[in-house]
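The next block is structure.txt, given as compact mmCIF, C-alpha atoms.
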```txt
# COMPACT_ATOMS: atom_id res chain seq x y z
CA MET A 9 45.35 44.65 -29.65
CA THR A 10 42.87 43.66 -32.36
CA ASN A 11 41.78 40.01 -32.66
CA ALA A 12 43.99 37.45 -34.37
CA ALA A 13 42.37 37.61 -37.81
CA GLU A 14 42.45 41.42 -37.90
CA MET A 15 46.01 41.51 -36.65
CA LEU A 16 47.20 39.04 -39.31
CA ALA A 17 45.46 41.06 -42.02
CA LYS A 18 47.14 44.27 -40.84
CA LEU A 19 50.53 42.58 -40.58
CA GLU A 20 50.15 41.16 -44.06
CA SER A 21 49.32 44.62 -45.39
CA LEU A 22 52.36 46.02 -43.62
CA THR A 23 54.70 43.44 -45.16
CA LEU A 24 53.21 44.15 -48.59
CA ASN A 25 53.95 47.87 -48.17
CA ALA A 26 57.52 47.10 -47.15
CA GLY A 27 57.83 44.63 -50.03
CA ASN A 28 56.64 47.21 -52.55
CA ALA A 29 59.30 49.64 -51.33
CA ILE A 30 61.92 46.90 -51.61
CA MET A 31 60.89 46.05 -55.16
CA ARG A 32 61.16 49.68 -56.28
CA ILE A 33 64.76 49.74 -55.13
CA TYR A 34 65.34 46.25 -56.56
CA SER A 35 64.33 47.44 -60.02
CA GLU A 36 65.91 50.90 -59.90
CA GLY A 37 69.33 49.89 -58.58
CA PHE A 38 71.10 50.20 -55.25
CA VAL A 39 74.46 50.39 -53.49
CA THR A 40 75.54 47.52 -51.26
CA LYS A 41 77.35 48.34 -48.03
CA TYR A 42 78.73 46.00 -45.37
CA LYS A 43 78.22 46.02 -41.62
CA ASP A 44 80.84 45.23 -38.99
CA ASP A 45 80.03 41.52 -39.23
CA TYR A 46 80.57 41.69 -43.02
CA SER A 47 76.89 41.06 -43.76
CA PRO A 48 75.51 43.16 -46.63
CA VAL A 49 72.97 45.96 -46.19
CA THR A 50 71.22 48.16 -48.75
CA GLU A 51 68.85 51.10 -48.82
CA ALA A 52 66.03 48.56 -49.17
CA ASP A 53 66.78 47.15 -45.69
CA THR A 54 66.57 50.51 -43.98
CA ILE A 55 63.52 51.84 -45.85
CA ALA A 56 61.54 48.63 -45.33
CA GLU A 57 62.41 48.63 -41.63
CA LYS A 58 61.21 52.22 -41.20
CA ILE A 59 57.87 51.31 -42.81
CA ILE A 60 57.43 48.27 -40.55
CA ILE A 61 58.44 49.99 -37.31
CA ALA A 62 56.08 52.88 -38.02
CA GLY A 63 53.26 50.46 -38.75
CA LEU A 64 53.84 48.34 -35.64
CA SER A 65 54.15 51.43 -33.45
CA SER A 66 50.73 52.51 -34.68
CA LEU A 67 49.17 49.04 -34.41
CA THR A 68 50.56 48.11 -30.99
CA PRO A 69 52.31 51.08 -29.36
CA GLU A 70 52.59 49.13 -26.10
CA ILE A 71 54.71 46.34 -27.59
CA PRO A 72 58.45 46.98 -28.13
CA VAL A 73 60.00 46.27 -31.52
CA VAL A 74 63.38 44.57 -31.98
CA ALA A 75 64.45 45.18 -35.57
CA GLU A 76 67.68 44.12 -37.26
CA GLU A 77 69.00 47.43 -38.55
CA ALA A 78 67.95 49.41 -35.47
CA PHE A 79 69.63 46.84 -33.24
CA SER A 80 72.78 47.00 -35.38
CA SER A 81 72.76 50.77 -34.77
CA GLY A 82 72.62 50.28 -31.00
CA HIS A 83 68.88 50.42 -30.32
CA SER A 84 67.84 47.61 -27.96
CA PRO A 85 64.42 48.10 -26.35
CA ASP A 86 63.32 46.71 -23.00
CA ILE A 87 61.69 43.32 -23.62
CA SER A 88 61.43 42.27 -19.98
CA GLY A 89 57.65 42.19 -20.30
CA GLY A 90 58.02 38.99 -22.33
CA ARG A 91 56.12 40.25 -25.35
CA PHE A 92 57.83 41.91 -28.30
CA TRP A 93 58.02 42.09 -32.08
CA LEU A 94 60.96 40.71 -34.05
CA VAL A 95 61.52 42.28 -37.45
CA ASP A 96 63.83 41.38 -40.31
CA PRO A 97 62.93 43.89 -43.01
CA LEU A 98 64.93 42.11 -45.70
CA ASP A 99 66.05 38.57 -44.95
CA GLY A 100 68.36 37.20 -47.61
CA THR A 101 70.16 40.39 -48.55
CA ASN A 102 72.71 38.27 -50.43
CA GLU A 103 69.81 36.95 -52.55
CA PHE A 104 68.58 40.52 -53.04
CA VAL A 105 72.03 41.63 -54.20
CA GLU A 106 72.35 38.60 -56.50
CA LYS A 107 68.82 39.27 -57.80
CA ASN A 108 67.59 35.69 -57.55
CA GLY A 109 64.29 36.71 -55.93
CA GLU A 110 64.66 34.57 -52.79
CA PHE A 111 64.46 37.29 -50.16
CA THR A 112 61.73 37.98 -47.63
CA VAL A 113 60.14 40.49 -45.28
CA ASN A 114 59.63 39.03 -41.79
CA ILE A 115 57.55 40.05 -38.77
CA ALA A 116 56.90 37.87 -35.72
CA LEU A 117 55.28 38.40 -32.34
CA ILE A 118 57.10 36.76 -29.43
CA GLU A 119 55.31 35.84 -26.21
CA ASP A 120 57.18 34.20 -23.34
CA GLY A 121 60.01 33.06 -25.56
CA ARG A 122 57.87 31.64 -28.38
CA PRO A 123 56.75 33.09 -31.73
CA VAL A 124 52.96 33.02 -31.61
CA CYS A 125 52.36 34.53 -35.01
CA GLY A 126 54.44 35.53 -37.99
CA ILE A 127 54.40 36.77 -41.58
CA VAL A 128 56.93 35.86 -44.27
CA HIS A 129 56.47 37.85 -47.47
CA ALA A 130 58.52 37.15 -50.61
CA PRO A 131 57.89 40.26 -52.74
CA ALA A 132 59.77 39.13 -55.85
CA LEU A 133 57.85 35.83 -55.86
CA SER A 134 54.48 37.38 -54.94
CA GLN A 135 54.04 34.90 -52.11
CA THR A 136 53.00 35.60 -48.52
CA TYR A 137 53.00 33.06 -45.70
CA THR A 138 51.16 33.59 -42.43
CA GLY A 139 51.23 31.53 -39.27
CA HIS A 140 49.30 31.81 -36.00
CA ILE A 141 49.13 29.27 -33.19
CA LYS A 142 45.32 29.49 -33.17
CA LYS A 143 44.63 30.16 -36.86
CA GLY A 144 47.00 27.74 -38.57
CA ALA A 145 49.28 28.49 -41.52
CA HIS A 146 48.33 29.87 -44.91
CA CYS A 147 49.95 30.95 -48.16
CA ARG A 148 48.77 33.69 -50.50
CA ASP A 149 50.13 32.77 -53.92
CA VAL A 150 51.04 34.69 -57.07
CA ASN A 151 47.37 34.63 -58.16
CA ASN A 152 46.33 36.16 -54.81
CA ASN A 153 44.64 32.94 -53.76
CA ARG A 154 44.93 32.11 -50.06
CA HIS A 155 45.09 28.47 -49.03
CA LYS A 156 45.95 26.52 -45.92
CA ILE A 157 49.34 24.80 -45.74
CA ARG A 158 50.47 21.81 -43.71
CA VAL A 159 53.66 19.82 -43.26
CA ARG A 160 53.68 16.39 -44.89
CA LYS A 161 54.43 12.97 -43.52
CA VAL A 162 57.92 11.79 -44.38
CA SER A 163 58.05 9.37 -47.30
CA LYS A 164 59.56 5.92 -46.88
CA ASN A 165 61.38 6.61 -50.16
CA GLY A 166 63.64 9.19 -48.54
CA VAL A 167 63.82 12.64 -47.02
CA THR A 168 63.84 15.91 -48.92
CA VAL A 169 66.18 18.42 -47.28
CA VAL A 170 66.06 22.15 -47.88
CA ALA A 171 69.36 23.82 -47.08
CA SER A 172 71.20 27.11 -47.15
CA ARG A 173 73.49 27.67 -50.11
CA ARG A 174 76.17 28.91 -47.74
CA HIS A 175 75.73 26.91 -44.54
CA GLY A 176 75.04 23.30 -45.49
CA ASP A 177 76.85 20.29 -44.05
CA PRO A 178 75.92 16.95 -45.71
CA LYS A 179 77.70 14.87 -43.05
CA LYS A 180 75.80 16.49 -40.18
CA ILE A 181 72.54 16.19 -42.09
CA LYS A 182 73.03 12.43 -42.42
CA GLU A 183 73.73 12.15 -38.69
CA ILE A 184 70.52 14.04 -37.86
CA LEU A 185 68.45 11.75 -40.08
CA GLU A 186 69.62 8.66 -38.19
CA GLY A 187 70.13 6.42 -41.20
CA ARG A 188 67.19 7.58 -43.32
CA SER A 189 68.06 8.00 -46.97
CA ILE A 190 68.16 11.46 -48.48
CA ARG A 191 65.99 11.63 -51.56
CA LYS A 192 66.85 15.20 -52.48
CA ILE A 193 68.69 18.28 -51.24
CA GLN A 194 67.37 21.57 -52.53
CA ASN A 195 68.82 25.00 -51.85
CA ALA A 196 66.87 28.13 -51.07
CA GLY A 197 67.51 31.55 -49.63
CA SER A 198 66.22 33.41 -46.59
CA SER A 199 63.30 32.32 -44.41
CA LEU A 200 61.67 30.73 -47.46
CA LYS A 201 63.28 27.49 -46.29
CA PHE A 202 60.90 27.36 -43.32
CA CYS A 203 57.96 27.97 -45.64
CA ILE A 204 59.01 25.20 -48.03
CA VAL A 205 58.92 22.73 -45.12
CA ALA A 206 55.67 24.22 -43.80
CA SER A 207 54.06 23.83 -47.23
CA GLY A 208 54.94 20.14 -47.43
CA ASP A 209 57.48 20.58 -50.22
CA ALA A 210 60.40 19.42 -48.07
CA ASP A 211 60.82 17.51 -44.81
CA ILE A 212 63.62 19.17 -42.89
CA TYR A 213 65.71 22.33 -42.79
CA PRO A 214 68.87 22.03 -40.69
CA ARG A 215 70.94 25.14 -40.11
CA PHE A 216 74.62 25.15 -39.19
CA GLY A 217 75.94 28.67 -38.95
CA ARG A 218 75.21 32.00 -37.35
CA THR A 219 71.67 33.34 -37.37
CA MET A 220 69.86 35.92 -35.31
CA GLU A 221 66.40 35.70 -33.80
CA TRP A 222 64.85 38.03 -36.38
CA ASP A 223 66.10 35.63 -39.08
CA THR A 224 64.04 32.73 -37.75
CA ALA A 225 61.05 33.90 -35.70
CA ALA A 226 58.53 34.50 -38.49
CA GLY A 227 59.53 31.33 -40.30
CA GLN A 228 59.21 29.31 -37.11
CA ALA A 229 55.75 30.77 -36.52
CA VAL A 230 54.63 29.65 -39.98
CA LEU A 231 56.24 26.22 -39.57
CA GLU A 232 54.72 25.48 -36.17
CA ALA A 233 51.30 26.74 -37.24
CA ALA A 234 51.57 24.23 -40.13
CA GLY A 235 52.25 21.35 -37.74
CA GLY A 236 56.06 21.38 -37.77
CA ARG A 237 58.49 22.20 -35.01
CA MET A 238 61.86 23.75 -34.27
CA SER A 239 64.58 22.44 -32.00
CA THR A 240 68.22 22.88 -31.18
CA LEU A 241 70.54 20.14 -32.45
CA ASP A 242 70.17 18.29 -29.14
CA GLY A 243 66.37 18.31 -29.37
CA LYS A 244 65.58 21.15 -26.97
CA PRO A 245 62.78 23.64 -27.75
CA PHE A 246 63.91 26.71 -29.68
CA LYS A 247 63.42 29.81 -27.53
CA TYR A 248 63.66 33.57 -28.01
CA ALA A 249 64.86 36.61 -26.03
CA LYS A 250 68.34 35.08 -25.77
CA ALA A 251 71.35 37.20 -24.88
CA GLY A 252 72.31 39.31 -27.87
CA TYR A 253 69.47 37.69 -29.86
CA GLU A 254 71.90 35.12 -31.25
CA ASN A 255 70.64 31.67 -32.22
CA PRO A 256 72.32 28.29 -31.80
CA ASN A 257 72.34 25.81 -34.68
CA PHE A 258 68.88 24.38 -35.20
CA ILE A 259 66.61 21.98 -37.05
CA ALA A 260 63.26 22.86 -38.57
CA TRP A 261 61.24 19.64 -38.70
CA GLY A 262 58.30 18.82 -40.93
CA GLY A 263 56.21 15.69 -40.34
CA PHE A 264 58.78 13.73 -38.33
CA ASP A 265 56.21 12.46 -35.84
CA ASN A 266 58.29 9.39 -35.09
CA LEU A 267 61.66 11.06 -34.65
CA ASN A 268 63.12 12.54 -31.43
```
In structure tokens, how does this file's structure come out?
Amino acid sequence: MTNAAEMLAKLESLTLNAGNAIMRIYSEGFVTKYKDDYSPVTEADTIAEKIIIAGLSSLTPEIPVVAEEAFSSGHSPDISGGRFWLVDPLDGTNEFVEKNGEFTVNIALIEDGRPVCGIVHAPALSQTYTGHIKKGAHCRDVNNNRHKIRVRKVSKNGVTVVASRRHGDPKKIKEILEGRSIRKIQNAGSSLKFCIVASGDADIYPRFGRTMEWDTAAGQAVLEAAGGRMSTLDGKPFKYAKAGYENPNFIAWGGFDNLN
């Protein structure tokens, strides 16, 4: 494999290509179908995934790729070597269908149960987030400027929570915060919630509800590279290569250096 900087650059280019394909479909119109679990899927999901899988197969032919739509169709590669790619070609399909712009392209590399690098690209927002355990976390903004991002320390004036529009639970959030006041709750779609915490624009993202590993891996990579962390609700490290690739409920922490 190429070095970390070269790999991140190639992954970023790959997500941009997938994002461009998604945006063409976004502007031209599409048909929404539903999978067995009632989650939506469009032509944009499948086309973007084909672009990414082809790119990863060329970049690292020795590393298996676990991708959402391929897995849904019954393709589950051997990941016993401990190193594999996780791909969500279009995270936030509901946001794509509703045309609110909050959807992302996600690629993450897993090594020994941990995401060591990841890319989160929001094509409608022209934002790309990268995270690498050795290179830190960065954001390329709408003006194509790339800058480093970092989680913030939690304010004494209260905690800003970023939450899913469909899977929030205010009572559980208060329990997690152990008496700290909530200054603000903001909603966002897809893996952008991880990036909002990683960028220091929120302090915590708790998730109650079903997710899959490809939904979280790239966002976790960005968050941890920015100084944050992920845990299960009982404080255990958040691991990958679980049976069926299903996640438990989790918490994405920003600068909570004095909690847990």
(request) Choose the residue, out of A:Asn195, A:Asn257, A:Asn25, A:Ser35, that has the smallest atom-to-atom separation from A:Gly63; count all atoms listed in the file. (result) A:Asn25
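When the distance limit is 12 Å and all atoms listed in the file are what count, the residues near A:Cys147, minus those fewer than 5 positions from it on the same chain, are Glu20, Ile127, Val128, His129, Ala130, Ser134, Gln135, Thr136, Tyr137, Thr138, Gly139, Asn152, Asn153, Arg154, His155, Lys156, Ile157, Arg158, Leu200, Cys203, Ile204, Ala206, Ser207, Gly208, Val230, Leu231, Ala233 and Ala234 of chain A.
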At a cut-off of 9 Å, can you tabulate as JSON lines every residue of stretch 97-120 of chain A near stretch 44-50 of chain A together with its closest atom pair and the distance in Å to one decimal, using all atoms listed in the file and ordering rows by chain then number?
```
{"residue": "A:Leu98", "atom": "CA", "partner": "A:Val49", "partner_atom": "CA", "distance": 8.9}
{"residue": "A:Thr101", "atom": "CA", "partner": "A:Pro48", "partner_atom": "CA", "distance": 6.3}
{"residue": "A:Asn102", "atom": "CA", "partner": "A:Pro48", "partner_atom": "CA", "distance": 6.8}
{"residue": "A:Val105", "atom": "CA", "partner": "A:Pro48", "partner_atom": "CA", "distance": 8.5}
```
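In terms of minimum interatomic distance to A:Leu16, A:Cys125 ranks closest within A:Val73, A:Cys125, A:Ile61, A:Val205, counting all atoms listed in the file.
Atom CA of A:Ser88 to atom CA of A:Asp120 spans 9.7 Å [interatomic distance, one decimal].
Candidate residues A:Asp99, A:Gly126, A:Arg173, A:Ser198 were compared for distance to A:His146, and the nearest is A:Gly126, using all atoms listed in the file.
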(request) Would you mind telling me which residue in A:Gly217, A:Gly263, A:Gly121, A:Pro178 lies nearest to A:Lys250 when using all atoms listed in the file? (result) A:Gly121
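Between atom CA of A:Glu254 and atom CA of A:Ile193 the interatomic distance comes to 26.3 Å.
Atom CA of A:Pro131 is found 23.0 Å from atom CA of A:Lys143.
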(message) From the options A:Ile33, A:Val95, A:Val169, A:Ile118, which residue's atoms come nearest to A:Met220, counting all atoms listed in the file?
(response) A:Val95
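The shortest atom-to-atom distance to A:Lys247, with all atoms listed in the file taken into account, belongs to A:Pro123 out of A:Glu51, A:Pro123, A:Arg188, A:Ile212.
By only C-alpha atoms, and with residues fewer than 4 positions from A:Ala52 along its chain excluded, the set lying at most 9 Å from it is A:Ala26, A:Ala29, A:Ile30, A:Met31, A:Arg32, A:Ile33, A:Tyr34, A:Phe38, A:Ala56, A:Glu57, A:Pro97, A:Leu98.
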Extract stretch 13-28 of chain A from the structure I just pasted (atoms: N, CA, C and O atoms) and return it as a compact mmCIF listing (two decimals), in the first residue's frame.
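Final file, decode08.txt:
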```txt
# COMPACT_ATOMS: atom_id res chain seq x y z
N ALA A 13 -0.19 9.57 3.52
CA ALA A 13 -0.60 10.80 2.83
C ALA A 13 -1.10 10.50 1.42
O ALA A 13 -2.13 11.03 0.98
N GLU A 14 -0.40 9.63 0.70
CA GLU A 14 -0.81 9.27 -0.66
C GLU A 14 -2.13 8.52 -0.64
O GLU A 14 -3.00 8.74 -1.49
N MET A 15 -2.27 7.61 0.35
CA MET A 15 -3.50 6.84 0.44
C MET A 15 -4.70 7.76 0.70
O MET A 15 -5.75 7.63 0.08
N LEU A 16 -4.55 8.69 1.64
CA LEU A 16 -5.64 9.62 1.95
C LEU A 16 -6.02 10.45 0.72
O LEU A 16 -7.20 10.69 0.46
N ALA A 17 -5.02 10.89 -0.03
CA ALA A 17 -5.29 11.68 -1.23
C ALA A 17 -6.07 10.86 -2.26
O ALA A 17 -7.01 11.36 -2.88
N LYS A 18 -5.69 9.59 -2.42
CA LYS A 18 -6.38 8.74 -3.38
C LYS A 18 -7.80 8.41 -2.90
O LYS A 18 -8.74 8.35 -3.70
N LEU A 19 -7.96 8.19 -1.60
CA LEU A 19 -9.30 7.94 -1.06
C LEU A 19 -10.20 9.16 -1.22
O LEU A 19 -11.38 9.05 -1.55
N GLU A 20 -9.61 10.33 -0.98
CA GLU A 20 -10.40 11.55 -1.13
C GLU A 20 -10.85 11.72 -2.57
O GLU A 20 -12.01 12.07 -2.85
N SER A 21 -9.96 11.45 -3.51
CA SER A 21 -10.31 11.54 -4.92
C SER A 21 -11.42 10.54 -5.27
O SER A 21 -12.34 10.86 -6.03
N LEU A 22 -11.34 9.37 -4.68
CA LEU A 22 -12.34 8.33 -4.93
C LEU A 22 -13.72 8.75 -4.41
O LEU A 22 -14.73 8.57 -5.09
N THR A 23 -13.75 9.34 -3.23
CA THR A 23 -15.04 9.80 -2.69
C THR A 23 -15.59 10.96 -3.51
O THR A 23 -16.82 11.08 -3.67
N LEU A 24 -14.71 11.79 -4.03
CA LEU A 24 -15.18 12.89 -4.88
C LEU A 24 -15.82 12.36 -6.16
O LEU A 24 -16.86 12.86 -6.61
N ASN A 25 -15.20 11.34 -6.76
CA ASN A 25 -15.77 10.73 -7.96
C ASN A 25 -17.15 10.14 -7.67
O ASN A 25 -18.09 10.32 -8.45
N ALA A 26 -17.24 9.42 -6.56
CA ALA A 26 -18.55 8.86 -6.17
C ALA A 26 -19.55 9.97 -5.89
O ALA A 26 -20.73 9.88 -6.29
N GLY A 27 -19.10 11.02 -5.22
CA GLY A 27 -19.99 12.14 -4.91
C GLY A 27 -20.49 12.84 -6.16
O GLY A 27 -21.65 13.26 -6.22
N ASN A 28 -19.63 12.98 -7.16
CA ASN A 28 -20.06 13.61 -8.42
C ASN A 28 -21.14 12.79 -9.10
O ASN A 28 -22.11 13.34 -9.65
```
